[in-house]
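Student: My structure is stored as data-v8.csv, with CSV, C-alpha atoms and all ligand atoms.
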chain,number,residue,atom,x,y,z
A,10,MET,CA,31.4,34.4,61.0
A,11,GLU,CA,32.6,36.0,57.8
A,12,ASP,CA,35.2,33.3,57.5
A,13,LEU,CA,32.5,30.6,57.8
A,14,ARG,CA,30.4,32.3,55.2
A,15,GLN,CA,33.3,32.6,52.8
A,16,LYS,CA,34.4,29.0,53.4
A,17,TYR,CA,31.0,27.5,52.8
A,18,LEU,CA,29.9,29.6,49.9
A,19,ALA,CA,33.2,28.8,48.1
A,20,ALA,CA,32.8,25.1,48.9
A,21,ILE,CA,29.2,25.1,47.5
A,22,ALA,CA,30.2,26.9,44.4
A,23,ALA,CA,32.9,24.3,43.8
A,24,ALA,CA,30.7,21.3,44.5
A,25,GLU,CA,30.3,19.1,41.5
A,26,SER,CA,27.6,16.7,42.7
A,27,GLU,CA,24.6,16.4,44.9
A,28,ALA,CA,26.5,14.1,47.2
A,29,ALA,CA,29.2,16.7,47.7
A,30,LEU,CA,26.5,19.3,48.5
A,31,GLU,CA,25.0,17.0,51.1
A,32,GLU,CA,28.4,16.6,52.8
A,33,ILE,CA,28.8,20.4,52.9
A,34,ARG,CA,25.3,20.8,54.3
A,35,VAL,CA,26.0,18.3,57.1
A,36,GLU,CA,29.4,20.0,57.8
A,37,ALA,CA,27.8,23.4,58.2
A,38,LEU,CA,24.2,22.9,59.3
A,39,GLY,CA,24.0,19.4,60.5
A,40,LYS,CA,23.5,18.7,64.3
A,41,LYS,CA,27.2,18.8,64.9
A,42,GLY,CA,27.9,21.2,62.0
A,43,GLU,CA,30.0,24.4,62.4
A,44,VAL,CA,27.0,26.8,62.2
A,45,ALA,CA,24.9,24.6,64.5
A,46,LEU,CA,27.7,24.7,67.1
A,47,LYS,CA,27.8,28.5,66.8
A,48,MET,CA,24.1,28.5,67.4
A,49,ARG,CA,24.6,26.6,70.5
A,50,GLU,CA,27.1,29.1,71.8
A,51,LEU,CA,24.3,31.7,71.7
A,52,GLY,CA,23.1,30.2,75.1
A,53,LYS,CA,26.3,31.4,76.8
A,54,MET,CA,26.1,34.9,75.5
A,55,THR,CA,24.7,38.0,77.2
A,56,PRO,CA,21.2,39.1,76.0
A,57,GLU,CA,22.8,42.0,74.2
A,58,GLU,CA,25.3,39.9,72.4
A,59,ARG,CA,22.6,37.4,71.5
A,60,LYS,CA,20.5,40.1,70.0
A,61,VAL,CA,23.2,40.9,67.6
A,62,MET,CA,24.6,37.4,66.9
A,63,GLY,CA,21.3,35.5,66.8
A,64,PRO,CA,19.9,37.2,63.6
A,65,LYS,CA,23.4,37.1,62.0
A,66,LEU,CA,23.7,33.4,62.5
A,67,ASN,CA,20.1,32.8,61.3
A,68,ALA,CA,20.9,34.9,58.2
A,69,LEU,CA,24.1,32.9,57.6
A,70,LYS,CA,22.1,29.7,57.9
A,71,ASP,CA,19.5,31.0,55.4
A,72,GLU,CA,22.2,32.1,53.1
A,73,ILE,CA,24.0,28.7,53.1
A,74,ASN,CA,20.7,26.9,52.6
A,75,ALA,CA,19.8,29.2,49.7
A,76,ALA,CA,23.2,28.7,48.1
A,77,LEU,CA,22.9,24.9,48.5
A,78,ALA,CA,19.5,24.9,46.8
A,79,ALA,CA,20.7,27.2,44.0
A,80,ARG,CA,23.8,25.0,43.4
A,81,LYS,CA,21.7,21.9,43.4
A,82,GLU,CA,19.4,23.3,40.8
A,83,ALA,CA,22.3,24.4,38.6
A,84,LEU,CA,23.8,21.0,38.8
A,85,ALA,CA,20.5,19.4,37.8
A,86,ASP,CA,20.1,21.8,34.8
A,87,ALA,CA,23.6,21.0,33.7
A,88,ALA,CA,23.0,17.3,34.0
A,89,LEU,CA,19.8,17.6,31.9
A,90,GLU,CA,21.6,19.7,29.3
A,91,GLU,CA,24.3,17.0,29.1
A,92,ARG,CA,21.7,14.3,28.7
A,93,LEU,CA,19.8,16.2,26.0
A,94,LYS,CA,23.1,16.7,24.1
A,95,ALA,CA,23.9,13.0,24.3
A,96,GLU,CA,20.4,11.9,23.3
A,97,TRP,CA,20.2,14.3,20.4
A,98,LEU,CA,18.4,12.7,17.4
A,99,ASP,CA,18.4,13.8,13.8
A,100,VAL,CA,14.7,13.4,12.9
A,101,THR,CA,15.5,13.9,9.2
A,102,LEU,CA,17.4,10.6,9.0
A,103,PRO,CA,15.4,7.7,7.6
A,104,ALA,CA,13.8,5.8,10.4
A,105,ARG,CA,15.1,2.4,9.2
A,106,PRO,CA,16.8,1.4,6.1
A,107,ARG,CA,14.2,0.6,3.5
A,108,PRO,CA,14.3,-2.9,2.2
A,109,ALA,CA,15.9,-3.0,-1.2
A,110,GLY,CA,13.1,-4.9,-2.8
A,111,THR,CA,9.7,-3.4,-3.8
A,112,ILE,CA,6.4,-4.8,-5.0
A,113,HIS,CA,5.9,-4.4,-8.7
A,114,PRO,CA,2.9,-2.2,-9.7
A,115,VAL,CA,1.4,-5.2,-11.6
A,116,SER,CA,1.6,-7.3,-8.4
A,117,GLN,CA,0.2,-4.4,-6.4
A,118,VAL,CA,-2.7,-3.8,-8.7
A,119,THR,CA,-3.4,-7.6,-8.9
A,120,GLU,CA,-3.6,-7.6,-5.1
A,121,GLU,CA,-5.9,-4.6,-5.1
A,122,VAL,CA,-8.2,-6.0,-7.8
A,123,THR,CA,-8.3,-9.4,-6.0
A,124,THR,CA,-9.1,-7.8,-2.7
A,125,ILE,CA,-12.0,-5.8,-4.1
A,126,PHE,CA,-13.6,-8.8,-5.9
A,127,ALA,CA,-13.0,-11.1,-2.9
A,128,ASP,CA,-15.0,-8.6,-0.9
A,129,MET,CA,-17.8,-9.1,-3.4
A,130,GLY,CA,-17.7,-12.8,-3.1
A,131,PHE,CA,-15.6,-13.8,-6.1
A,132,ALA,CA,-13.1,-16.7,-5.6
A,133,VAL,CA,-9.8,-16.7,-7.4
A,134,ALA,CA,-9.3,-19.2,-10.2
A,135,GLU,CA,-6.2,-20.0,-12.3
A,136,GLY,CA,-5.3,-21.7,-15.6
A,137,PRO,CA,-2.2,-22.5,-17.5
A,138,GLN,CA,-0.3,-19.9,-19.6
A,139,ILE,CA,0.4,-22.5,-22.3
A,140,GLU,CA,-3.2,-23.3,-23.3
A,141,THR,CA,-4.9,-25.7,-25.7
A,142,ASP,CA,-6.2,-24.3,-28.8
A,143,TRP,CA,-9.6,-25.6,-27.8
A,144,HIS,CA,-9.8,-23.8,-24.4
A,145,ASN,CA,-8.4,-20.6,-25.8
A,146,PHE,CA,-10.6,-20.5,-28.9
A,147,ASP,CA,-13.0,-23.3,-29.8
A,148,ALA,CA,-14.8,-23.5,-26.4
A,149,LEU,CA,-15.1,-19.7,-26.5
A,150,ASN,CA,-17.1,-19.9,-29.7
A,151,ILE,CA,-14.1,-19.1,-31.9
A,152,PRO,CA,-13.9,-22.1,-34.3
A,153,PRO,CA,-10.9,-22.7,-36.6
A,154,HIS,CA,-10.8,-20.1,-39.5
A,155,HIS,CA,-13.0,-17.7,-37.5
A,156,PRO,CA,-11.8,-14.2,-38.3
A,157,ALA,CA,-11.5,-13.4,-34.6
A,158,ARG,CA,-8.5,-15.8,-34.4
A,159,GLN,CA,-6.6,-13.3,-36.6
A,160,GLU,CA,-7.3,-10.4,-34.3
A,161,PHE,CA,-5.5,-12.0,-31.4
A,162,ASP,CA,-1.9,-12.1,-32.9
A,163,THR,CA,-1.5,-15.5,-31.3
A,164,PHE,CA,1.8,-17.1,-30.4
A,165,TYR,CA,1.7,-20.8,-31.4
A,166,MET,CA,3.8,-23.5,-29.8
A,167,HIS,CA,6.0,-25.7,-32.0
A,168,ARG,CA,4.7,-29.0,-33.3
A,169,ASP,CA,7.0,-31.6,-35.0
A,170,ALA,CA,6.5,-32.0,-38.7
A,171,GLY,CA,3.8,-34.6,-39.3
A,172,ASP,CA,2.1,-34.0,-35.9
A,173,GLU,CA,-1.4,-33.0,-37.1
A,174,ARG,CA,-2.8,-32.1,-33.7
A,175,PRO,CA,-3.6,-28.4,-33.3
A,176,PRO,CA,-0.7,-26.6,-31.7
A,177,HIS,CA,-0.9,-25.3,-28.1
A,178,VAL,CA,-0.9,-21.5,-27.8
A,179,LEU,CA,0.3,-19.0,-25.3
A,180,ARG,CA,-3.1,-17.9,-24.1
A,181,THR,CA,-4.2,-14.7,-25.7
A,182,HIS,CA,-6.6,-13.8,-22.9
A,183,THR,CA,-7.7,-15.1,-19.5
A,184,SER,CA,-11.1,-16.2,-20.9
A,185,PRO,CA,-10.1,-19.9,-21.2
A,186,VAL,CA,-10.1,-19.9,-17.4
A,187,GLN,CA,-13.9,-19.4,-17.6
A,188,ILE,CA,-14.1,-22.7,-19.4
A,189,ARG,CA,-11.8,-24.5,-17.0
A,190,ALA,CA,-13.6,-23.1,-13.9
A,191,MET,CA,-17.0,-24.1,-15.2
A,192,LEU,CA,-15.8,-27.6,-16.3
A,193,GLU,CA,-14.4,-28.1,-12.8
A,194,HIS,CA,-17.1,-26.5,-10.6
A,195,GLY,CA,-20.2,-26.2,-12.7
A,196,ALA,CA,-22.8,-23.5,-11.9
A,197,PRO,CA,-23.6,-21.4,-10.0
A,198,ILE,CA,-20.1,-19.9,-9.9
A,199,ARG,CA,-18.5,-16.6,-9.2
A,200,ILE,CA,-14.7,-16.3,-9.9
A,201,ILE,CA,-12.0,-13.9,-11.1
A,202,ALA,CA,-8.9,-15.1,-12.8
A,203,PRO,CA,-5.9,-12.8,-12.9
A,204,GLY,CA,-2.9,-13.8,-14.9
A,205,ARG,CA,-0.4,-13.4,-17.8
A,206,VAL,CA,-1.5,-13.4,-21.4
A,207,TYR,CA,0.4,-13.1,-24.6
A,208,ARG,CA,0.0,-11.4,-28.0
A,209,SER,CA,2.5,-10.5,-30.7
A,210,ASP,CA,2.3,-6.8,-30.3
A,211,TYR,CA,4.8,-4.1,-29.2
A,212,ASP,CA,4.5,-0.3,-28.7
A,213,GLN,CA,4.0,2.3,-25.9
A,214,THR,CA,0.8,0.7,-24.7
A,215,HIS,CA,1.3,-3.0,-25.9
A,216,THR,CA,3.8,-5.6,-24.8
A,217,PRO,CA,3.9,-9.2,-26.0
A,218,MET,CA,3.2,-10.3,-22.4
A,219,PHE,CA,0.7,-8.5,-20.3
A,220,HIS,CA,-1.9,-9.1,-17.6
A,221,GLN,CA,-5.6,-9.5,-17.5
A,222,VAL,CA,-8.2,-10.3,-14.8
A,223,GLU,CA,-11.2,-12.3,-16.0
A,224,GLY,CA,-14.5,-12.1,-14.2
A,225,LEU,CA,-17.3,-14.7,-14.4
A,226,ALA,CA,-20.6,-14.8,-12.5
A,227,ILE,CA,-23.1,-17.5,-13.5
A,228,GLY,CA,-26.4,-18.0,-11.7
A,229,LYS,CA,-30.2,-18.4,-12.4
A,230,ASP,CA,-31.0,-14.7,-13.0
A,231,ILE,CA,-27.8,-12.8,-13.3
A,232,SER,CA,-28.2,-9.9,-15.8
A,233,MET,CA,-26.4,-7.0,-17.5
A,234,ALA,CA,-27.7,-4.8,-14.6
A,235,ASN,CA,-25.6,-6.9,-12.1
A,236,LEU,CA,-22.6,-6.6,-14.4
A,237,LYS,CA,-23.0,-2.8,-14.5
A,238,TRP,CA,-23.3,-2.6,-10.7
A,239,THR,CA,-20.3,-4.9,-10.2
A,240,LEU,CA,-18.1,-2.9,-12.5
A,241,GLU,CA,-19.1,0.5,-11.1
A,242,GLU,CA,-18.6,-0.8,-7.5
A,243,PHE,CA,-15.2,-2.1,-8.6
A,244,CYS,CA,-14.1,1.2,-10.2
A,245,ARG,CA,-15.2,3.2,-7.2
A,246,ALA,CA,-13.2,1.0,-4.9
A,247,PHE,CA,-10.2,0.6,-7.2
A,248,PHE,CA,-9.7,4.3,-8.1
A,249,GLU,CA,-10.6,5.3,-4.5
A,250,VAL,CA,-13.2,7.9,-5.5
A,251,ASP,CA,-16.8,8.3,-4.4
A,252,GLU,CA,-18.3,8.7,-7.9
A,253,VAL,CA,-17.5,7.0,-11.2
A,254,GLU,CA,-19.3,7.1,-14.4
A,255,LEU,CA,-19.1,4.2,-16.8
A,256,ARG,CA,-20.2,4.1,-20.5
A,257,PHE,CA,-21.3,0.8,-21.9
A,258,ARG,CA,-20.6,0.7,-25.7
A,259,ALA,CA,-22.1,-2.0,-27.8
A,260,SER,CA,-19.3,-4.2,-29.1
A,261,HIS,CA,-18.6,-7.7,-30.3
A,262,PHE,CA,-16.9,-10.7,-28.7
A,263,PRO,CA,-17.6,-14.2,-30.0
A,264,PHE,CA,-18.0,-15.5,-26.4
A,265,THR,CA,-20.5,-12.9,-25.1
A,266,GLU,CA,-24.0,-11.9,-26.4
A,267,PRO,CA,-24.7,-9.0,-26.0
A,268,SER,CA,-21.2,-7.6,-25.6
A,269,ALA,CA,-20.1,-4.3,-24.3
A,270,GLU,CA,-16.9,-2.4,-24.0
A,271,VAL,CA,-16.8,-0.2,-21.0
A,272,ASP,CA,-15.3,3.3,-20.8
A,273,LEU,CA,-14.6,5.3,-17.7
A,274,ARG,CA,-15.2,9.1,-17.5
A,275,CYS,CA,-12.0,10.9,-16.7
A,276,SER,CA,-10.0,14.1,-17.3
A,277,TRP,CA,-6.4,14.5,-18.4
A,278,GLU,CA,-6.2,18.1,-17.3
A,279,GLY,CA,-2.6,19.2,-16.7
A,280,GLY,CA,-1.4,15.8,-17.8
A,281,ARG,CA,-2.8,14.2,-14.6
A,282,LEU,CA,-5.6,11.6,-14.8
A,283,LYS,CA,-8.7,12.2,-12.7
A,284,VAL,CA,-11.3,9.6,-12.6
A,285,GLY,CA,-15.0,10.4,-12.3
A,286,GLU,CA,-14.9,13.9,-13.8
A,287,GLY,CA,-14.0,15.6,-17.1
A,288,ASP,CA,-14.9,15.0,-20.7
A,289,ASP,CA,-12.7,12.2,-21.7
A,290,TRP,CA,-13.5,8.5,-21.8
A,291,MET,CA,-10.9,5.7,-21.3
A,292,GLU,CA,-11.6,2.2,-22.4
A,293,ILE,CA,-10.9,-0.2,-19.6
A,294,LEU,CA,-12.5,-3.6,-20.3
A,295,GLY,CA,-14.5,-5.9,-22.4
A,296,SER,CA,-17.6,-7.6,-21.1
A,297,GLY,CA,-21.0,-9.2,-21.8
A,298,MET,CA,-23.5,-11.9,-21.1
A,299,VAL,CA,-21.8,-15.3,-21.5
A,300,HIS,CA,-22.7,-16.8,-24.9
A,301,PRO,CA,-25.0,-20.0,-24.6
A,302,LYS,CA,-22.5,-21.9,-26.7
A,303,VAL,CA,-19.7,-21.1,-24.2
A,304,LEU,CA,-21.8,-22.4,-21.3
A,305,GLU,CA,-22.6,-25.5,-23.4
A,306,ALA,CA,-18.9,-26.1,-24.2
A,307,ALA,CA,-18.1,-25.9,-20.5
A,308,GLY,CA,-20.9,-28.3,-19.5
A,309,VAL,CA,-23.3,-25.8,-18.1
A,310,ASP,CA,-26.9,-25.9,-19.4
A,311,PRO,CA,-27.7,-22.5,-21.0
A,312,LYS,CA,-31.5,-23.1,-20.5
A,313,GLU,CA,-31.0,-23.2,-16.8
A,314,TRP,CA,-28.0,-20.8,-16.3
A,315,GLN,CA,-26.9,-17.4,-17.4
A,316,GLY,CA,-24.4,-14.8,-16.3
A,317,PHE,CA,-21.8,-12.2,-17.2
A,318,ALA,CA,-18.1,-12.2,-17.9
A,319,PHE,CA,-15.6,-9.4,-18.2
A,320,GLY,CA,-11.9,-9.0,-19.0
A,321,ILE,CA,-9.9,-6.1,-17.6
A,322,GLY,CA,-6.3,-5.1,-18.5
A,323,ILE,CA,-4.3,-5.1,-15.3
A,324,ASP,CA,-1.3,-3.2,-16.7
A,325,ARG,CA,-3.7,-0.6,-18.1
A,326,LEU,CA,-5.3,-0.2,-14.7
A,327,ALA,CA,-1.8,0.3,-13.1
A,328,MET,CA,-0.8,2.9,-15.7
A,329,LEU,CA,-4.1,4.8,-15.1
A,330,LYS,CA,-4.0,4.7,-11.3
A,331,TYR,CA,-0.3,5.3,-10.7
A,332,GLY,CA,0.4,7.6,-13.7
A,333,ILE,CA,2.9,5.4,-15.4
A,334,PRO,CA,3.2,6.5,-19.0
A,335,ASP,CA,5.0,3.7,-20.8
A,336,LEU,CA,3.9,0.0,-20.5
A,337,ARG,CA,7.2,-1.3,-21.9
A,338,ALA,CA,9.1,0.0,-18.8
A,339,PHE,CA,7.0,-2.4,-16.7
A,340,PHE,CA,9.1,-5.3,-17.9
A,341,ASP,CA,12.6,-3.7,-18.3
A,342,SER,CA,13.6,-4.6,-14.8
A,343,ASP,CA,15.3,-1.2,-14.5
A,344,LEU,CA,16.1,-0.8,-10.7
A,345,ARG,CA,15.5,2.9,-10.8
A,346,TRP,CA,12.1,2.4,-12.2
A,347,LEU,CA,11.3,-0.3,-9.7
A,348,LYS,CA,12.4,1.9,-6.8
A,349,HIS,CA,10.3,4.8,-8.1
A,350,TYR,CA,7.1,2.9,-8.9
A,351,GLY,CA,7.4,0.0,-6.6
A,352,PHE,CA,5.4,-0.5,-3.4
A,353,ALA,CA,6.6,-1.3,0.2
A,354,ALA,CA,6.4,-5.0,0.8
A,355,LEU,CA,4.3,-4.8,3.9
A,356,ASP,CA,1.7,-2.4,2.6
A,357,ILE,CA,-0.8,-5.1,1.8
A,358,PRO,CA,-4.0,-3.8,0.3
A,359,THR,CA,-7.1,-4.4,2.4
A,360,MET,CA,-10.7,-3.0,2.1
A,361,ARG,CA,-10.5,-1.7,5.7
A,362,GLY,CA,-6.9,-0.5,5.8
A,363,GLY,CA,-6.9,1.0,2.3
A,364,LEU,CA,-5.8,-0.3,-1.1
A,365,SER,CA,-2.9,2.0,-1.7
A,366,ARG,CA,-1.2,4.5,0.6
B,401,LIG,N1,-11.2,-11.8,-23.6
B,401,LIG,C1,-11.5,-10.5,-24.0
B,401,LIG,C2,-10.2,-9.9,-24.5
B,401,LIG,O1,-9.1,-10.3,-24.1
B,401,LIG,C3,-12.1,-9.6,-23.0
B,401,LIG,C4,-13.5,-10.1,-22.5
B,401,LIG,C5,-13.6,-11.0,-21.5
B,401,LIG,C6,-14.6,-9.7,-23.2
B,401,LIG,C7,-14.8,-11.5,-21.1
B,401,LIG,C8,-15.8,-10.2,-22.8
B,401,LIG,C9,-15.9,-11.1,-21.7
B,401,LIG,O2,-10.2,-8.9,-25.2
Would you mind writing the file's structure down as structure tokens?

Tutor:
Amino acid sequence: MEDLRQKYLAAIAAAESEAALEEIRVEALGKKGEVALKMRELGKMTPEERKVMGPKLNALKDEINAALAARKEALADAALEERLKAEWLDVTLPARPRPAGTIHPVSQVTEEVTTIFADMGFAVAEGPQIETDWHNFDALNIPPHHPARQEFDTFYMHRDAGDERPPHVLRTHTSPVQIRAMLEHGAPIRIIAPGRVYRSDYDQTHTPMFHQVEGLAIGKDISMANLKWTLEEFCRAFFEVDEVELRFRASHFPFTEPSAEVDLRCSWEGGRLKVGEGDDWMEILGSGMVHPKVLEAAGVDPKEWQGFAFGIGIDRLAMLKYGIPDLRAFFDSDLRWLKHYGFAALDIPTMRGGLSR
């Protein structure tokens, strides 16, 4: 019996698979197995012999069963261990290679602004960047020789000598889109017009090309109060804060009356901009009630219609919201800058999903 015990325990210890263990089990304990045969021999023994051998055989059977179970578990553990080793994953690796391209902050902010105003019922309008003198100035109540023309640092397109027509200009603001939109659609109207504008100016906060978004809302009884609510609502949504405070400062634009420049309460504590708190004010836009002469030039009867307009600097908004200190870097096409300040291509701003993440 001791031979049997040694033989099977050794075989079990050496077994390398469940199948091998099963073979050993059948060989030892199966119906025709060696231990089973010995059990059968008990019948031929004397009662005294049986009393001794019976418990011994049972103990052997139990021991083999226990050894089989233990070995089976050890094999399963080893297999799991092996699998875990093979399936090991470095969670610090990037999940997927990031696409090389990014969305420029100006594009991102344009999308954000458009999304917010679309939610308030503003359609998007566009106009040409090479604009007629009339759309850019005259129709906006800035006649030739008006001092406001000087303030704009306008780029004029070339005219051949002897060509007396007024030269086209690179539009100095998005306001001419007000004229184009009203000429095309009449009133009532509610549009925004994002786009590029040009002025001959260059320093840390000015580049000769930059971006504005124009807003225009014309109806029967649209007032400054509607303008104020619209701009506050916009700032809350854009800067993603619950409270904003705007300051309307009396100002002058030839195309609005009254006119107001709008400042946003903010703090620059620790070099970081916080909107809605602090003791600083940051100018973010020009606005006012559309001048009757502008409505007239655009074919809208000022006795019947009135409304507000505003012009916001998009690049300025991007600098404020994303803490970008130098405007000139926006247009350097430096790949390191674009990687740092750019946005993932699939993070499209939505009112529900969030504007920026
Ligand atoms: N067009 C003005 C500018 O570029 C901004 C503005 C737009 C002001 C609409 C009032 C109304 O400075």

Student: Tell me, as a PyMOL selection string, which residues lie within 8 Å of A:Met48, counting all atoms listed in the file; anything in the same chain fewer than 4 positions away does not count.

Tutor: chain A and resi 44+52+63+66

Student: Neighbours of ligand LIG 401 (chain B) within 9 Å, counting all atoms listed in the file, as number ranges by chain?

Tutor: A: 161, 181-185, 187, 206, 221-225, 261-265, 268-270, 294-299, 317-322

Student: Just give me the gap between atom CA of A:His220 and atom CA of A:Pro311 in Å, one decimal is fine.

Tutor: 29.3 Å

Student: Show which residues sit within 7 Å of A:Gly287, as a VMD selection string. Count all atoms listed in the file, and ignore same-chain residues fewer than 2 positions away.

Tutor: chain A and resid 274 to 276 289

Student: Could you state the separation of atom CA of A:Trp346 and atom CA of A:Arg281 in Å, given to one decimal place?

Tutor: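 The value is 19.2 Å.
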
Student: Could you list, as a VMD selection string, every residue within 12 Å of A:Lys348, counting only C-alpha atoms and ignoring same-chain residues fewer than 5 positions away?

Tutor: chain A and resid 107 to 114 342 to 343 353 to 354

Student: Show which residues sit within 9 Å of stretch 77-91 of chain A, as a ChimeraX atom specification. Count only C-alpha atoms, and ignore same-chain residues fewer than 5 positions away.

Tutor: /A:18,21-22,24-27,30-31,33-34,72,96

Student: So, counting only C-alpha atoms, which residue among A:Ala202, A:Val250, A:Met291, A:Met62 is closest to A:Leu364?

Tutor: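 Of A:Ala202, A:Val250, A:Met291, A:Met62, the one nearest A:Leu364, counting only C-alpha atoms, is A:Val250.
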
Student: Record the distance separating atom CA of A:Ile73 and atom CA of A:Arg49, expressed in Å with one decimal.

Tutor: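 Answer for the atom CA of A:Ile73 to atom CA of A:Arg49 separation: 17.5 Å.
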
Student: List every protein, DNA or RNA residue that has an atom no more than 8 Å from (5.1, -24.2, -33.2) in the file's coordinate frame, counting only C-alpha atoms, and report them as a VMD selection string.

Tutor: chain A and resid 165 to 169 176 to 177

Student: Mind writing the picked residues with C-alpha atoms as a compact mmCIF listing (two decimals), in the frame of the given file?

Tutor:
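Produced file out.txt, reproduced below:
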# COMPACT_ATOMS: atom_id res chain seq x y z
CA TYR A 165 1.70 -20.80 -31.40
CA MET A 166 3.80 -23.50 -29.80
CA HIS A 167 6.00 -25.70 -32.00
CA ARG A 168 4.70 -29.00 -33.30
CA ASP A 169 7.00 -31.60 -35.00
CA PRO A 176 -0.70 -26.60 -31.70
CA HIS A 177 -0.90 -25.30 -28.10

Student: Given the choices A:Leu98, A:Leu282, A:Ala134, A:Ala259, which gets closest to A:Leu326 if the distance is worked out from all atoms listed in the file?

Tutor: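 Between A:Leu98, A:Leu282, A:Ala134, A:Ala259, the residue approaching A:Leu326 most closely is A:Leu282.
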
Student: With all atoms listed in the file as the basis for distance, which of A:Asp272, A:Gln138, A:Glu58, A:Lys16 is at the shortest distance from A:Ser260?

Tutor: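 With all atoms listed in the file as the atom set, the closest residue is A:Asp272.
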
Student: Give the answer as one residue: which of A:Arg92, A:Ile357, A:Gln315, A:Ala338 has the shortest atom-to-atom distance to A:Met233, using all atoms listed in the file?

Tutor: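 Closest to A:Met233, using all atoms listed in the file: A:Gln315.
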
Student: Just checking: using all atoms listed in the file, which residue out of A:Ala226, A:Lys70, A:Lys330, A:His215 ends up closest to A:Gly195?

Tutor: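 Closest to A:Gly195 of all the choices is A:Ala226.
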
Student: A:Lys41, A:His300, A:Arg361, A:Arg325: which is nearest A:Phe219, counting only C-alpha atoms?

Tutor: A:Arg325

Student: Excluding same-chain residues fewer than 6 positions from A:Gly362, what lies within 12 Å of it counting only C-alpha atoms, as a list in words?

Tutor: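 After dropping sequence-adjacent residues, the list is Glu121, Thr124 and Asp356 of chain A.
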
Student: Please identify every residue of stretch 160-234 of chain A that has at least one atom no farther than 8 Å from an atom of stretch 304-308 of chain A, counting all atoms listed in the file, and for each give the shortest atom pair and the distance in Å to one decimal, arranged by chain then increasing number, as CSV.

Tutor:
residue,atom,partner,partner_atom,distance
A:Ile188,CA,A:Ala307,CA,5.2
A:Arg189,CA,A:Ala307,CA,7.3
A:Met191,CA,A:Ala307,CA,5.7
A:Leu192,CA,A:Ala307,CA,5.1
A:Gly195,CA,A:Gly308,CA,7.2

Student: Would you mind writing stretch 192-203 of chain A with N, CA and C atoms, as a CSV table (one decimal), keeping the file's coordinate frame?

Tutor:
chain,number,residue,atom,x,y,z
A,192,LEU,N,-16.0,-26.1,-16.1
A,192,LEU,CA,-15.8,-27.6,-16.3
A,192,LEU,C,-15.6,-28.2,-14.9
A,193,GLU,N,-14.8,-27.5,-14.1
A,193,GLU,CA,-14.4,-28.1,-12.8
A,193,GLU,C,-15.5,-28.0,-11.7
A,194,HIS,N,-16.1,-26.8,-11.7
A,194,HIS,CA,-17.1,-26.5,-10.6
A,194,HIS,C,-18.5,-26.4,-11.0
A,195,GLY,N,-18.8,-26.3,-12.3
A,195,GLY,CA,-20.2,-26.2,-12.7
A,195,GLY,C,-20.8,-24.9,-12.3
A,196,ALA,N,-22.1,-24.8,-12.3
A,196,ALA,CA,-22.8,-23.5,-11.9
A,196,ALA,C,-23.6,-23.8,-10.7
A,197,PRO,N,-24.0,-22.8,-9.9
A,197,PRO,CA,-23.6,-21.4,-10.0
A,197,PRO,C,-22.1,-21.2,-9.7
A,198,ILE,N,-21.5,-20.1,-10.2
A,198,ILE,CA,-20.1,-19.9,-9.9
A,198,ILE,C,-19.8,-18.4,-10.0
A,199,ARG,N,-18.9,-18.0,-9.2
A,199,ARG,CA,-18.5,-16.6,-9.2
A,199,ARG,C,-16.9,-16.5,-9.0
A,200,ILE,N,-16.2,-16.3,-10.0
A,200,ILE,CA,-14.7,-16.3,-9.9
A,200,ILE,C,-14.1,-15.1,-10.6
A,201,ILE,N,-12.9,-14.8,-10.2
A,201,ILE,CA,-12.0,-13.9,-11.1
A,201,ILE,C,-10.8,-14.7,-11.3
A,202,ALA,N,-10.1,-14.4,-12.5
A,202,ALA,CA,-8.9,-15.1,-12.8
A,202,ALA,C,-7.8,-14.1,-13.3
A,203,PRO,N,-7.0,-13.7,-12.4
A,203,PRO,CA,-5.9,-12.8,-12.9
A,203,PRO,C,-4.7,-13.6,-13.4
